[in-house]
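Asks: Data: target18.pdb, PDB, C-alpha atoms.
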ATOM      1  CA  MET A  22     -15.105  -0.975  -7.007
ATOM      2  CA  ASP A  23     -12.874   1.401  -8.965
ATOM      3  CA  GLN A  24     -14.540   4.028 -11.110
ATOM      4  CA  MET A  25     -11.982   4.922 -13.749
ATOM      5  CA  SER A  26     -11.477   4.781 -17.464
ATOM      6  CA  GLU A  27      -9.600   2.011 -19.180
ATOM      7  CA  THR A  28      -6.623   4.264 -19.886
ATOM      8  CA  ASP A  29      -6.151   5.196 -16.229
ATOM      9  CA  PRO A  30      -3.397   3.278 -14.486
ATOM     10  CA  THR A  31      -4.627   0.797 -11.898
ATOM     11  CA  ASP A  32      -4.167   1.440  -8.182
ATOM     12  CA  GLU A  33      -1.519  -1.263  -8.233
ATOM     13  CA  ALA A  34       0.395   0.399 -11.076
ATOM     14  CA  LEU A  35       0.364   3.655  -9.112
ATOM     15  CA  LEU A  36       1.636   1.918  -6.001
ATOM     16  CA  ILE A  37       4.482   0.281  -7.931
ATOM     17  CA  ALA A  38       5.360   3.631  -9.506
ATOM     18  CA  PHE A  39       5.392   5.178  -6.029
ATOM     19  CA  SER A  40       7.728   2.457  -4.779
ATOM     20  CA  ASN A  41      10.064   3.443  -7.626
ATOM     21  CA  GLY A  42      10.164   7.005  -6.334
ATOM     22  CA  ASP A  43       7.277   8.557  -8.304
ATOM     23  CA  ALA A  44       5.614  11.078  -5.959
ATOM     24  CA  SER A  45       2.917  12.016  -8.471
ATOM     25  CA  ALA A  46       1.740   8.393  -8.530
ATOM     26  CA  GLY A  47       1.456   8.541  -4.744
ATOM     27  CA  ARG A  48      -0.560  11.757  -5.047
ATOM     28  CA  ASP A  49      -2.933  10.121  -7.568
ATOM     29  CA  LEU A  50      -3.423   7.206  -5.218
ATOM     30  CA  ILE A  51      -4.240   9.577  -2.350
ATOM     31  CA  ASN A  52      -6.833  11.377  -4.478
ATOM     32  CA  ARG A  53      -8.339   8.064  -5.499
ATOM     33  CA  LEU A  54      -8.402   6.267  -2.163
ATOM     34  CA  GLY A  55      -8.413   9.059   0.430
ATOM     35  CA  PRO A  56     -11.990  10.353  -0.042
ATOM     36  CA  ARG A  57     -13.484   6.856  -0.330
ATOM     37  CA  LEU A  58     -11.735   5.582   2.769
ATOM     38  CA  LEU A  59     -12.713   8.716   4.653
ATOM     39  CA  GLY A  60     -16.382   8.294   3.666
ATOM     40  CA  TYR A  61     -16.368   4.741   4.966
ATOM     41  CA  ALA A  62     -14.529   5.566   8.204
ATOM     42  CA  ALA A  63     -16.773   8.554   8.960
ATOM     43  CA  ARG A  64     -19.887   6.411   8.580
ATOM     44  CA  VAL A  65     -18.559   3.590  10.714
ATOM     45  CA  LEU A  66     -16.981   5.781  13.390
ATOM     46  CA  GLY A  67     -19.498   8.658  13.274
ATOM     47  CA  ASP A  68     -16.661  11.104  13.891
ATOM     48  CA  LYS A  69     -14.842  12.932  11.108
ATOM     49  CA  ALA A  70     -11.683  13.769  13.053
ATOM     50  CA  GLU A  71     -11.291  10.196  14.199
ATOM     51  CA  ALA A  72     -12.065   8.967  10.682
ATOM     52  CA  GLU A  73      -9.283  11.179   9.293
ATOM     53  CA  ASP A  74      -6.822   9.728  11.789
ATOM     54  CA  ALA A  75      -7.832   6.173  10.865
ATOM     55  CA  VAL A  76      -7.413   6.899   7.135
ATOM     56  CA  GLN A  77      -4.061   8.574   7.743
ATOM     57  CA  GLU A  78      -2.803   5.514   9.634
ATOM     58  CA  THR A  79      -4.048   3.289   6.807
ATOM     59  CA  MET A  80      -2.290   5.313   4.116
ATOM     60  CA  VAL A  81       0.972   5.400   6.085
ATOM     61  CA  LYS A  82       0.801   1.594   6.252
ATOM     62  CA  LEU A  83       0.207   1.479   2.507
ATOM     63  CA  TRP A  84       3.376   3.489   1.798
ATOM     64  CA  LYS A  85       5.311   1.160   4.093
ATOM     65  CA  VAL A  86       4.232  -1.985   2.250
ATOM     66  CA  ALA A  87       4.693  -0.458  -1.220
ATOM     67  CA  ASN A  88       8.207  -1.856  -1.672
ATOM     68  CA  ASP A  89       7.118  -5.377  -0.739
ATOM     69  CA  TRP A  90       3.790  -5.288  -2.591
ATOM     70  CA  ARG A  91       3.105  -8.623  -4.285
ATOM     71  CA  GLN A  92       1.599  -7.853  -7.652
ATOM     72  CA  GLY A  93      -1.635  -9.570  -8.594
ATOM     73  CA  GLU A  94      -2.359 -10.964  -5.136
ATOM     74  CA  ALA A  95      -4.851  -8.402  -3.806
ATOM     75  CA  LYS A  96      -6.441  -5.192  -4.970
ATOM     76  CA  VAL A  97      -4.916  -2.145  -3.356
ATOM     77  CA  SER A  98      -8.355  -0.751  -2.442
ATOM     78  CA  THR A  99      -9.404  -4.072  -0.882
ATOM     79  CA  TRP A 100      -6.200  -4.149   1.160
ATOM     80  CA  ALA A 101      -6.756  -0.537   2.253
ATOM     81  CA  TYR A 102     -10.373  -1.155   3.285
ATOM     82  CA  ARG A 103      -9.285  -4.185   5.272
ATOM     83  CA  VAL A 104      -6.602  -2.257   7.155
ATOM     84  CA  LEU A 105      -9.025   0.619   7.696
ATOM     85  CA  ILE A 106     -11.686  -1.708   9.109
ATOM     86  CA  ASN A 107      -9.149  -2.969  11.642
ATOM     87  CA  HIS A 108      -8.237   0.583  12.631
ATOM     88  CA  CYS A 109     -11.933   1.496  12.979
ATOM     89  CA  THR A 110     -12.612  -1.623  15.052
ATOM     90  CA  ASP A 111      -9.726  -0.749  17.382
ATOM     91  CA  ARG A 112     -11.041   2.770  17.770
ATOM     92  CA  LEU A 113     -14.598   1.594  18.471
ATOM     93  CA  ARG A 114     -13.325  -0.816  21.107
ATOM     94  CA  ARG A 115     -11.272   1.889  22.775
ATOM     95  CA  ARG A 116     -14.300   4.155  22.656
ATOM     96  CA  LYS A 117     -16.459   1.489  24.284
ATOM     97  CA  ILE A 118     -13.922   1.282  27.066
ATOM     98  CA  ARG A 119     -14.001   5.060  27.474
ATOM     99  CA  GLY A 120     -17.803   5.024  27.113
ATOM    100  CA  ALA A 121     -17.890   8.078  24.872
ATOM    101  CA  VAL A 122     -19.811   8.379  21.576
ATOM    102  CA  ASP A 123     -20.032  11.783  19.974
ATOM    103  CA  LEU A 124     -22.658  11.634  17.243
ATOM    104  CA  ASP A 125     -22.703  15.369  16.611
ATOM    105  CA  SER A 126     -19.121  15.650  15.510
ATOM    106  CA  ILE A 127     -19.619  14.774  11.833
ATOM    107  CA  ALA A 128     -18.687  17.825   9.793
ATOM    108  CA  GLU A 129     -21.333  19.318   7.558
ATOM    109  CA  PRO A 130     -20.772  18.643   3.870
ATOM    110  CA  GLU A 131     -20.228  21.578   1.580
ATOM    111  CA  ALA A 132     -23.323  23.125  -0.002
ATOM    112  CA  ASP A 133     -24.155  22.208  -3.592
ATOM    113  CA  LEU A 134     -26.611  23.557  -6.120
ATOM    114  CA  LYS A 135     -29.713  22.022  -4.573
ATOM    115  CA  SER A 136     -32.187  24.328  -2.887
ATOM    116  CA  ALA A 137     -31.732  24.956   0.798
ATOM    117  CA  VAL A 138     -34.961  23.180   1.718
ATOM    118  CA  GLU A 139     -34.162  20.135  -0.367
ATOM    119  CA  GLN A 140     -30.681  20.116   1.061
ATOM    120  CA  MET A 141     -32.110  20.275   4.571
ATOM    121  CA  THR A 142     -34.320  17.255   3.937
ATOM    122  CA  GLU A 143     -31.449  15.353   2.362
ATOM    123  CA  LYS A 144     -29.287  16.184   5.337
ATOM    124  CA  ASP A 145     -31.983  15.155   7.807
ATOM    125  CA  ARG A 146     -32.337  11.842   6.027
ATOM    126  CA  ALA A 147     -28.605  11.276   5.929
ATOM    127  CA  ASP A 148     -28.366  12.124   9.632
ATOM    128  CA  ALA A 149     -31.220   9.746  10.444
ATOM    129  CA  LEU A 150     -29.457   7.020   8.501
ATOM    130  CA  GLN A 151     -26.163   7.765  10.258
ATOM    131  CA  ASN A 152     -27.835   7.595  13.665
ATOM    132  CA  ALA A 153     -29.530   4.316  12.790
ATOM    133  CA  LEU A 154     -26.257   2.916  11.453
ATOM    134  CA  THR A 155     -24.524   3.782  14.702
ATOM    135  CA  GLU A 156     -27.018   1.601  16.551
ATOM    136  CA  LEU A 157     -26.210  -1.484  14.454
ATOM    137  CA  PRO A 158     -23.814  -4.156  15.676
ATOM    138  CA  GLU A 159     -20.334  -3.413  14.353
ATOM    139  CA  ARG A 160     -20.064  -6.165  11.718
ATOM    140  CA  GLN A 161     -23.554  -5.458  10.343
ATOM    141  CA  ARG A 162     -22.712  -1.764  10.120
ATOM    142  CA  GLN A 163     -19.458  -2.496   8.269
ATOM    143  CA  ALA A 164     -21.219  -4.765   5.772
ATOM    144  CA  VAL A 165     -24.159  -2.391   5.170
ATOM    145  CA  VAL A 166     -21.900   0.633   4.673
ATOM    146  CA  LEU A 167     -19.594  -1.221   2.279
ATOM    147  CA  ARG A 168     -22.508  -2.653   0.292
ATOM    148  CA  HIS A 169     -25.065   0.149   0.193
ATOM    149  CA  LEU A 170     -23.023   3.301   0.651
ATOM    150  CA  GLU A 171     -19.582   2.455  -0.726
ATOM    151  CA  GLY A 172     -20.967   0.269  -3.500
ATOM    152  CA  LEU A 173     -18.683  -2.753  -3.088
ATOM    153  CA  SER A 174     -19.872  -6.095  -4.398
ATOM    154  CA  ASN A 175     -20.537  -8.976  -2.012
ATOM    155  CA  PRO A 176     -17.376 -10.899  -3.073
ATOM    156  CA  GLU A 177     -15.321  -7.742  -2.525
ATOM    157  CA  ILE A 178     -16.839  -7.249   0.921
ATOM    158  CA  ALA A 179     -16.157 -10.899   1.700
ATOM    159  CA  GLU A 180     -12.488 -10.335   0.865
ATOM    160  CA  VAL A 181     -12.306  -7.093   2.834
ATOM    161  CA  MET A 182     -13.991  -8.564   5.913
ATOM    162  CA  ASP A 183     -12.280 -11.926   5.534
ATOM    163  CA  ILE A 184     -15.550 -13.892   5.602
ATOM    164  CA  GLY A 185     -17.619 -15.878   3.082
ATOM    165  CA  VAL A 186     -20.046 -14.325   0.601
ATOM    166  CA  GLU A 187     -22.983 -15.990   2.372
ATOM    167  CA  ALA A 188     -21.931 -14.431   5.647
ATOM    168  CA  VAL A 189     -21.862 -11.041   3.914
ATOM    169  CA  GLU A 190     -25.390 -11.577   2.578
ATOM    170  CA  SER A 191     -26.573 -12.555   6.036
ATOM    171  CA  LEU A 192     -24.929  -9.525   7.678
ATOM    172  CA  THR A 193     -26.351  -7.046   5.150
ATOM    173  CA  ALA A 194     -29.851  -8.614   5.328
ATOM    174  CA  ARG A 195     -29.897  -8.461   9.132
ATOM    175  CA  GLY A 196     -28.473  -4.957   9.046
ATOM    176  CA  LYS A 197     -31.149  -3.758   6.649
ATOM    177  CA  ARG A 198     -33.906  -5.318   8.771
ATOM    178  CA  ALA A 199     -32.550  -3.576  11.864
ATOM    179  CA  LEU A 200     -32.311  -0.265   9.981
ATOM    180  CA  LYS A 201     -35.925  -0.548   8.785
ATOM    181  CA  ALA A 202     -37.073  -1.237  12.323
ATOM    182  CA  ALA A 203     -35.105   1.707  13.659
ATOM    183  CA  LEU A 204     -36.400   4.105  10.989
ATOM    184  CA  ASN A 205     -39.989   2.856  10.874
ATOM    185  CA  GLY A 206     -41.315   5.360  13.362
ATOM    186  CA  ARG A 207     -39.715   8.311  11.567
ATOM    187  CA  LYS A 208     -41.333   8.080   8.110
ATOM    188  CA  ASP A 209     -43.421  11.247   8.570
ATOM    189  CA  GLU A 210     -40.503  13.138   9.961
ATOM    190  CA  LEU A 211     -38.347  12.181   6.999
ATOM    191  CA  GLY A 212     -41.023  12.965   4.413
ATOM    192  CA  TYR A 213     -41.700   9.412   3.247
ATOM    193  CA  ALA A 214     -45.129   8.737   4.805
ATOM    194  CA  HIS A 215     -47.127   9.713   1.761
ATOM    195  CA  GLY A 216     -44.612   8.745  -0.935
TER     196      GLY A 216
ATOM    197  CA  MET B  28     -55.298  -9.862   1.343
ATOM    198  CA  ASN B  29     -53.227  -9.521   4.523
ATOM    199  CA  SER B  30     -50.179 -10.999   2.862
ATOM    200  CA  ASP B  31     -50.581  -8.486   0.004
ATOM    201  CA  MET B  32     -50.586  -5.661   2.526
ATOM    202  CA  ARG B  33     -47.507  -7.081   4.210
ATOM    203  CA  MET B  34     -45.750  -7.235   0.818
ATOM    204  CA  ASP B  35     -46.758  -3.625   0.171
ATOM    205  CA  ASP B  36     -45.345  -2.529   3.514
ATOM    206  CA  ARG B  37     -42.149  -4.435   2.867
ATOM    207  CA  ASP B  38     -41.772  -2.823  -0.564
ATOM    208  CA  LYS B  39     -42.351   0.600   0.962
ATOM    209  CA  ASP B  40     -39.777  -0.080   3.658
ATOM    210  CA  ASP B  41     -37.284  -1.175   1.014
ATOM    211  CA  ALA B  42     -38.007   1.966  -0.976
ATOM    212  CA  LEU B  43     -37.556   4.083   2.172
ATOM    213  CA  LEU B  44     -34.251   2.443   2.911
ATOM    214  CA  ASP B  45     -33.045   2.829  -0.682
ATOM    215  CA  ALA B  46     -33.938   6.515  -0.569
ATOM    216  CA  LEU B  47     -32.065   6.879   2.703
ATOM    217  CA  PHE B  48     -29.013   5.181   1.236
ATOM    218  CA  ALA B  49     -29.187   7.585  -1.708
ATOM    219  CA  SER B  50     -29.345  10.518   0.733
ATOM    220  CA  GLY B  51     -26.466   9.034   2.671
ATOM    221  CA  LYS B  52     -24.366   8.810  -0.501
ATOM    222  CA  SER B  53     -25.121  12.386  -1.493
ATOM    223  CA  GLN B  54     -24.226  13.659   1.986
ATOM    224  CA  SER B  55     -20.933  11.846   2.154
ATOM    225  CA  VAL B  56     -18.205  13.410   4.281
ATOM    226  CA  GLU B  57     -15.858  15.260   1.969
ATOM    227  CA  ALA B  58     -12.101  15.073   2.263
ATOM    228  CA  SER B  59     -10.819  18.593   2.985
ATOM    229  CA  SER B  60      -7.770  19.910   1.176
ATOM    230  CA  ALA B  61      -6.010  20.189   4.558
ATOM    231  CA  PHE B  62      -6.588  16.489   5.153
ATOM    232  CA  LEU B  63      -5.369  15.535   1.667
ATOM    233  CA  SER B  64      -2.282  17.710   2.181
ATOM    234  CA  LYS B  65      -1.581  15.848   5.412
ATOM    235  CA  LEU B  66      -1.756  12.548   3.519
ATOM    236  CA  GLU B  67       0.585  13.967   0.865
ATOM    237  CA  MET B  68       3.131  15.007   3.472
ATOM    238  CA  ASP B  69       3.122  11.473   4.888
ATOM    239  CA  MET B  70       3.532  10.090   1.387
ATOM    240  CA  GLU B  71       6.435  12.398   0.555
ATOM    241  CA  ALA B  72       8.192  11.458   3.793
ATOM    242  CA  ALA B  73       7.799   7.779   2.928
ATOM    243  CA  ILE B  74       8.787   7.957  -0.730
ATOM    244  CA  PRO B  75      11.649   5.562  -1.471
ATOM    245  CA  LYS B  76      14.874   7.226  -2.616
ATOM    246  CA  PRO B  77      15.523   6.693  -6.333
ATOM    247  CA  LYS B  78      18.530   4.509  -7.051
ATOM    248  CA  THR B  79      21.397   6.567  -8.553
ATOM    249  CA  ALA B  80      24.628   5.394 -10.230
ATOM    250  CA  ALA B  81      26.738   6.794  -7.370
ATOM    251  CA  THR B  82      24.922   4.854  -4.703
ATOM    252  CA  LYS B  83      24.328   1.776  -6.793
ATOM    253  CA  HIS B  84      26.202  -1.158  -5.346
ATOM    254  CA  THR B  85      26.041  -4.542  -6.983
ATOM    255  CA  PRO B  86      27.655  -7.530  -5.325
ATOM    256  CA  PRO B  87      30.684  -8.906  -7.278
ATOM    257  CA  SER B  88      30.131 -11.980  -9.394
ATOM    258  CA  MET B  89      31.814 -15.310  -8.570
ATOM    259  CA  MET B  90      34.337 -14.876 -11.418
ATOM    260  CA  GLU B  91      35.282 -11.435 -10.180
ATOM    261  CA  LYS B  92      35.751 -12.808  -6.686
ATOM    262  CA  LEU B  93      37.982 -15.641  -8.010
ATOM    263  CA  LYS B  94      40.027 -13.197 -10.073
ATOM    264  CA  GLY B  95      40.638 -11.168  -6.988
ATOM    265  CA  ILE B  96      41.679 -14.190  -4.986
ATOM    266  CA  PHE B  97      44.070 -15.363  -7.723
ATOM    267  CA  ALA B  98      45.550 -11.907  -8.055
ATOM    268  CA  ALA B  99      46.151 -11.651  -4.327
ATOM    269  CA  THR B 100      47.635 -15.150  -3.993
ATOM    270  CA  GLY B 101      49.751 -14.724  -7.168
ATOM    271  CA  LEU B 102      51.232 -11.487  -5.949
ATOM    272  CA  SER B 103      52.067 -12.814  -2.508
ATOM    273  CA  SER B 104      53.474 -16.062  -3.970
ATOM    274  CA  ALA B 105      55.712 -14.121  -6.347
ATOM    275  CA  ALA B 106      56.913 -11.939  -3.504
ATOM    276  CA  ALA B 107      57.675 -14.987  -1.327
ATOM    277  CA  LEU B 108      59.513 -16.699  -4.205
ATOM    278  CA  GLY B 109      61.582 -13.598  -4.791
ATOM    279  CA  VAL B 110      62.653 -13.442  -1.165
ATOM    280  CA  TRP B 111      63.413 -17.161  -1.113
ATOM    281  CA  MET B 112      65.524 -16.904  -4.260
ATOM    282  CA  GLY B 113      67.380 -13.992  -2.799
ATOM    283  CA  PHE B 114      68.560 -16.162   0.078
ATOM    284  CA  VAL B 115      69.063 -19.484  -1.626
ATOM    285  CA  MET B 116      70.224 -18.843  -5.202
ATOM    286  CA  PRO B 117      73.939 -17.846  -4.706
ATOM    287  CA  ASP B 118      74.788 -21.244  -3.147
ATOM    288  CA  LEU B 119      72.722 -23.074  -5.613
ATOM    289  CA  VAL B 120      74.441 -21.434  -8.529
ATOM    290  CA  THR B 121      77.944 -22.321  -7.301
ATOM    291  CA  ASN B 122      76.909 -25.848  -6.483
ATOM    292  CA  ILE B 123      75.414 -26.818  -9.735
ATOM    293  CA  SER B 124      77.471 -24.789 -12.157
ATOM    294  CA  PRO B 125      81.016 -25.871 -13.182
ATOM    295  CA  ILE B 126      81.689 -22.519 -14.759
ATOM    296  CA  SER B 127      84.200 -21.490 -12.169
ATOM    297  CA  GLU B 128      86.532 -24.364 -13.058
ATOM    298  CA  GLU B 129      86.306 -24.672 -16.822
ATOM    299  CA  VAL B 130      85.511 -21.586 -18.768
ATOM    300  CA  THR B 131      83.832 -22.204 -22.035
ATOM    301  CA  SER B 132      83.696 -19.476 -24.567
ATOM    302  CA  LEU B 133      80.581 -18.626 -26.447
ATOM    303  CA  SER B 134      82.336 -19.443 -29.762
ATOM    304  CA  ALA B 135      82.421 -23.115 -28.812
ATOM    305  CA  PHE B 136      78.696 -23.224 -29.249
ATOM    306  CA  LEU B 137      78.321 -20.480 -31.833
ATOM    307  CA  PRO B 138      81.458 -20.308 -33.998
ATOM    308  CA  GLY B 139      80.335 -17.283 -35.891
ATOM    309  CA  SER B 140      80.139 -15.300 -32.763
ATOM    310  CA  ASP B 141      83.895 -15.280 -32.008
ATOM    311  CA  LEU B 142      84.486 -11.612 -31.405
ATOM    312  CA  SER B 143      88.272 -11.948 -31.699
ATOM    313  CA  VAL B 144      88.060 -11.985 -35.515
ATOM    314  CA  PHE B 145      86.981  -8.375 -35.348
ATOM    315  CA  GLU B 146      89.966  -7.419 -33.291
ATOM    316  CA  GLU B 147      92.924  -5.987 -35.101
TER     317      GLU B 147
END
Just dump the structure as structure tokens.
Replies:
Amino acid sequence: MDQMSETDPTDEALLIAFSNGDASAGRDLINRLGPRLLGYAARVLGDKAEAEDAVQETMVKLWKVANDWRQGEAKVSTWAYRVLINHCTDRLRRRKIRGAVDLDSIAEPEADLKSAVEQMTEKDRADALQNALTELPERQRQAVVLRHLEGLSNPEIAEVMDIGVEAVESLTARGKRALKAALNGRKDELGYAHG
Amino acid sequence: MNSDMRMDDRDKDDALLDALFASGKSQSVEASSAFLSKLEMDMEAAIPKPKTAATKHTPPSMMEKLKGIFAATGLSSAAALGVWMGFVMPDLVTNISPISEEVTSLSAFLPGSDLSVFEE
């Protein structure tokens, strides 16, 4: 789950250092976890502003538990994903009650070195995926995003979602089938018909 | 033949989905510096205060507590004894001491200490 060199301190070491008053450790943890959590929340919620709020709430909770953190019991990132999932679920439920889904509110990513046309196609594909993801049942969406976009392993997802590994496999398989069905009619549009 | 075609379609669908996931990863929402600054402000507000010598307070050990108790009781006992002796001792001294009736000089016990030999 964590992409870092062997000499880098673990998330847990940073959290302990933070609890001892080390602000730079807290900053490192923000830079490590913040973007990943935001990516997940934006995909699940389909709204960047709401995703930022959910991540902010999660990080505030993390600072609060830092002093009482039990070393070796759970990975910090797993704990953070779990809390974030709960925040996202709450927000989706509230949104269902309000009956409002704003799919156009995801901010555009910054331009990179790819050509404009290629970028356009990439963006179209990513948007199509995001729209299809939004149509999935909540648990399937969570599992698919964690597995195929965030790159977590099935045991890690099981821990985050508090379910068994087999249940994770089932959720991701059903999610992928539903995604294929949703995207099947758009192959030409997305430039995959002749590939 | 038909099953081969179905397998082909399934492979293509898997490939399509994998490509979409790759696009999704490359188009991930980026954390703005304003957002990261907001997280930092929360973190700085929550940072635990470092423990300094001035604010450090350790509870006293059992021995220290006992010492304190003994000191307090010893002092008050001594004070009470002093007051009691102040009231009681004059009578006690006259009752138990025959000195007032039969004076004994120090030389009776210590002959060498008779100071009259130095007198002229």
Asks: Within 10 Å of (-13.8, 13.6, 4.4) (file coordinates; only C-alpha atoms), which protein or nucleic acid residues are there? I'd like them as a PyMOL selection string.
Replies: (chain A and resi 55-63+69-70+72-73+76+127-130) or (chain B and resi 55-60+62-63)
Asks: Provide as a PyMOL selection string the residues of chain A at most 9 Å from chain B, counting all atoms listed in the file.
Replies: chain A and resi 39-44+47-48+51-52+55-57+59-61+63-64+69+73+76-77+80-81+84-85+88+127-131+142-151+169-171+197+200-201+204-205+208+213+216
Asks: By how many Å are atom CA of A:Asp29 and atom CA of A:Arg53 apart?
Replies: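 About the pair atom CA of A:Asp29 and atom CA of A:Arg53: they are 11.3 Å apart.
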Asks: Could you give me, as a list in words, the residues within 12 Å of A:Asp111, counting only C-alpha atoms and dropping anything in the same chain fewer than 5 positions from it?
Replies: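 In the requested form, the answer reads Val65, Leu66, Glu71, Ala75, Val104, Leu105, Ile106, Arg116, Lys117, Ile118 and Glu159 of chain A.
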Asks: Do you have the atom CA of A:Ala164-atom CA of A:Asn107 distance handy?
Replies: 13.5 Å
Asks: Leaving out A:Glu190 and any residue of its chain fewer than 2 positions from it, which residues lie within 10 Å of it when counting only C-alpha atoms, given as a ChimeraX atom specification?
Replies: /A:164-165,168,175-176,178-179,185-188,192-196
Asks: For atom CA of A:Ile37 and atom CA of A:Ser98, quote the distance in Å rounded to one decimal.
Replies: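 Taking atom CA of A:Ile37 and atom CA of A:Ser98, their separation equals 14.0 Å.
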Asks: Could you write out as a VMD selection string the residues that the PyMOL selection byres ((chain A and resi 93) around 12) matches in the shown file?
Replies: chain A and resid 31 to 34 37 90 to 92 94 to 97
Asks: Fix up stretch 45-65 of chain A with N, CA and C atoms, then write it as a PDB file, in the frame of the given file.
Replies:
ATOM      1  N   SER A  45       4.214  11.673  -7.865  1.00  0.00           N
ATOM      2  CA  SER A  45       2.917  12.016  -8.471  1.00  0.00           C
ATOM      3  C   SER A  45       1.981  10.805  -8.490  1.00  0.00           C
ATOM      4  N   ALA A  46       2.561   9.614  -8.599  1.00  0.00           N
ATOM      5  CA  ALA A  46       1.740   8.393  -8.530  1.00  0.00           C
ATOM      6  C   ALA A  46       1.145   8.253  -7.133  1.00  0.00           C
ATOM      7  N   GLY A  47       1.947   8.580  -6.125  1.00  0.00           N
ATOM      8  CA  GLY A  47       1.456   8.541  -4.744  1.00  0.00           C
ATOM      9  C   GLY A  47       0.323   9.529  -4.550  1.00  0.00           C
ATOM     10  N   ARG A  48       0.478  10.716  -5.151  1.00  0.00           N
ATOM     11  CA  ARG A  48      -0.560  11.757  -5.047  1.00  0.00           C
ATOM     12  C   ARG A  48      -1.856  11.273  -5.705  1.00  0.00           C
ATOM     13  N   ASP A  49      -1.739  10.639  -6.872  1.00  0.00           N
ATOM     14  CA  ASP A  49      -2.933  10.121  -7.568  1.00  0.00           C
ATOM     15  C   ASP A  49      -3.645   9.083  -6.711  1.00  0.00           C
ATOM     16  N   LEU A  50      -2.846   8.262  -6.060  1.00  0.00           N
ATOM     17  CA  LEU A  50      -3.423   7.206  -5.218  1.00  0.00           C
ATOM     18  C   LEU A  50      -4.149   7.817  -4.012  1.00  0.00           C
ATOM     19  N   ILE A  51      -3.584   8.874  -3.473  1.00  0.00           N
ATOM     20  CA  ILE A  51      -4.240   9.577  -2.350  1.00  0.00           C
ATOM     21  C   ILE A  51      -5.587  10.137  -2.809  1.00  0.00           C
ATOM     22  N   ASN A  52      -5.581  10.777  -3.981  1.00  0.00           N
ATOM     23  CA  ASN A  52      -6.833  11.377  -4.478  1.00  0.00           C
ATOM     24  C   ASN A  52      -7.877  10.323  -4.808  1.00  0.00           C
ATOM     25  N   ARG A  53      -7.410   9.140  -5.160  1.00  0.00           N
ATOM     26  CA  ARG A  53      -8.339   8.064  -5.499  1.00  0.00           C
ATOM     27  C   ARG A  53      -8.891   7.388  -4.248  1.00  0.00           C
ATOM     28  N   LEU A  54      -7.988   7.060  -3.332  1.00  0.00           N
ATOM     29  CA  LEU A  54      -8.402   6.267  -2.163  1.00  0.00           C
ATOM     30  C   LEU A  54      -8.842   7.110  -0.970  1.00  0.00           C
ATOM     31  N   GLY A  55      -8.168   8.246  -0.762  1.00  0.00           N
ATOM     32  CA  GLY A  55      -8.413   9.059   0.430  1.00  0.00           C
ATOM     33  C   GLY A  55      -9.888   9.372   0.680  1.00  0.00           C
ATOM     34  N   PRO A  56     -10.585   9.998  -0.279  1.00  0.00           N
ATOM     35  CA  PRO A  56     -11.990  10.353  -0.042  1.00  0.00           C
ATOM     36  C   PRO A  56     -12.890   9.140   0.206  1.00  0.00           C
ATOM     37  N   ARG A  57     -12.643   8.057  -0.510  1.00  0.00           N
ATOM     38  CA  ARG A  57     -13.484   6.856  -0.330  1.00  0.00           C
ATOM     39  C   ARG A  57     -13.285   6.254   1.053  1.00  0.00           C
ATOM     40  N   LEU A  58     -12.021   6.149   1.450  1.00  0.00           N
ATOM     41  CA  LEU A  58     -11.735   5.582   2.769  1.00  0.00           C
ATOM     42  C   LEU A  58     -12.303   6.475   3.868  1.00  0.00           C
ATOM     43  N   LEU A  59     -12.201   7.787   3.641  1.00  0.00           N
ATOM     44  CA  LEU A  59     -12.713   8.716   4.653  1.00  0.00           C
ATOM     45  C   LEU A  59     -14.239   8.581   4.784  1.00  0.00           C
ATOM     46  N   GLY A  60     -14.925   8.450   3.639  1.00  0.00           N
ATOM     47  CA  GLY A  60     -16.382   8.294   3.666  1.00  0.00           C
ATOM     48  C   GLY A  60     -16.778   7.074   4.474  1.00  0.00           C
ATOM     49  N   TYR A  61     -16.064   5.977   4.235  1.00  0.00           N
ATOM     50  CA  TYR A  61     -16.368   4.741   4.966  1.00  0.00           C
ATOM     51  C   TYR A  61     -16.104   4.932   6.462  1.00  0.00           C
ATOM     52  N   ALA A  62     -14.921   5.438   6.791  1.00  0.00           N
ATOM     53  CA  ALA A  62     -14.529   5.566   8.204  1.00  0.00           C
ATOM     54  C   ALA A  62     -15.473   6.509   8.953  1.00  0.00           C
ATOM     55  N   ALA A  63     -15.882   7.588   8.295  1.00  0.00           N
ATOM     56  CA  ALA A  63     -16.773   8.554   8.960  1.00  0.00           C
ATOM     57  C   ALA A  63     -18.118   7.909   9.263  1.00  0.00           C
ATOM     58  N   ARG A  64     -18.592   7.064   8.358  1.00  0.00           N
ATOM     59  CA  ARG A  64     -19.887   6.411   8.580  1.00  0.00           C
ATOM     60  C   ARG A  64     -19.798   5.359   9.688  1.00  0.00           C
ATOM     61  N   VAL A  65     -18.692   4.651   9.714  1.00  0.00           N
ATOM     62  CA  VAL A  65     -18.559   3.590  10.714  1.00  0.00           C
ATOM     63  C   VAL A  65     -18.229   4.179  12.092  1.00  0.00           C
TER      64      VAL A  65
END
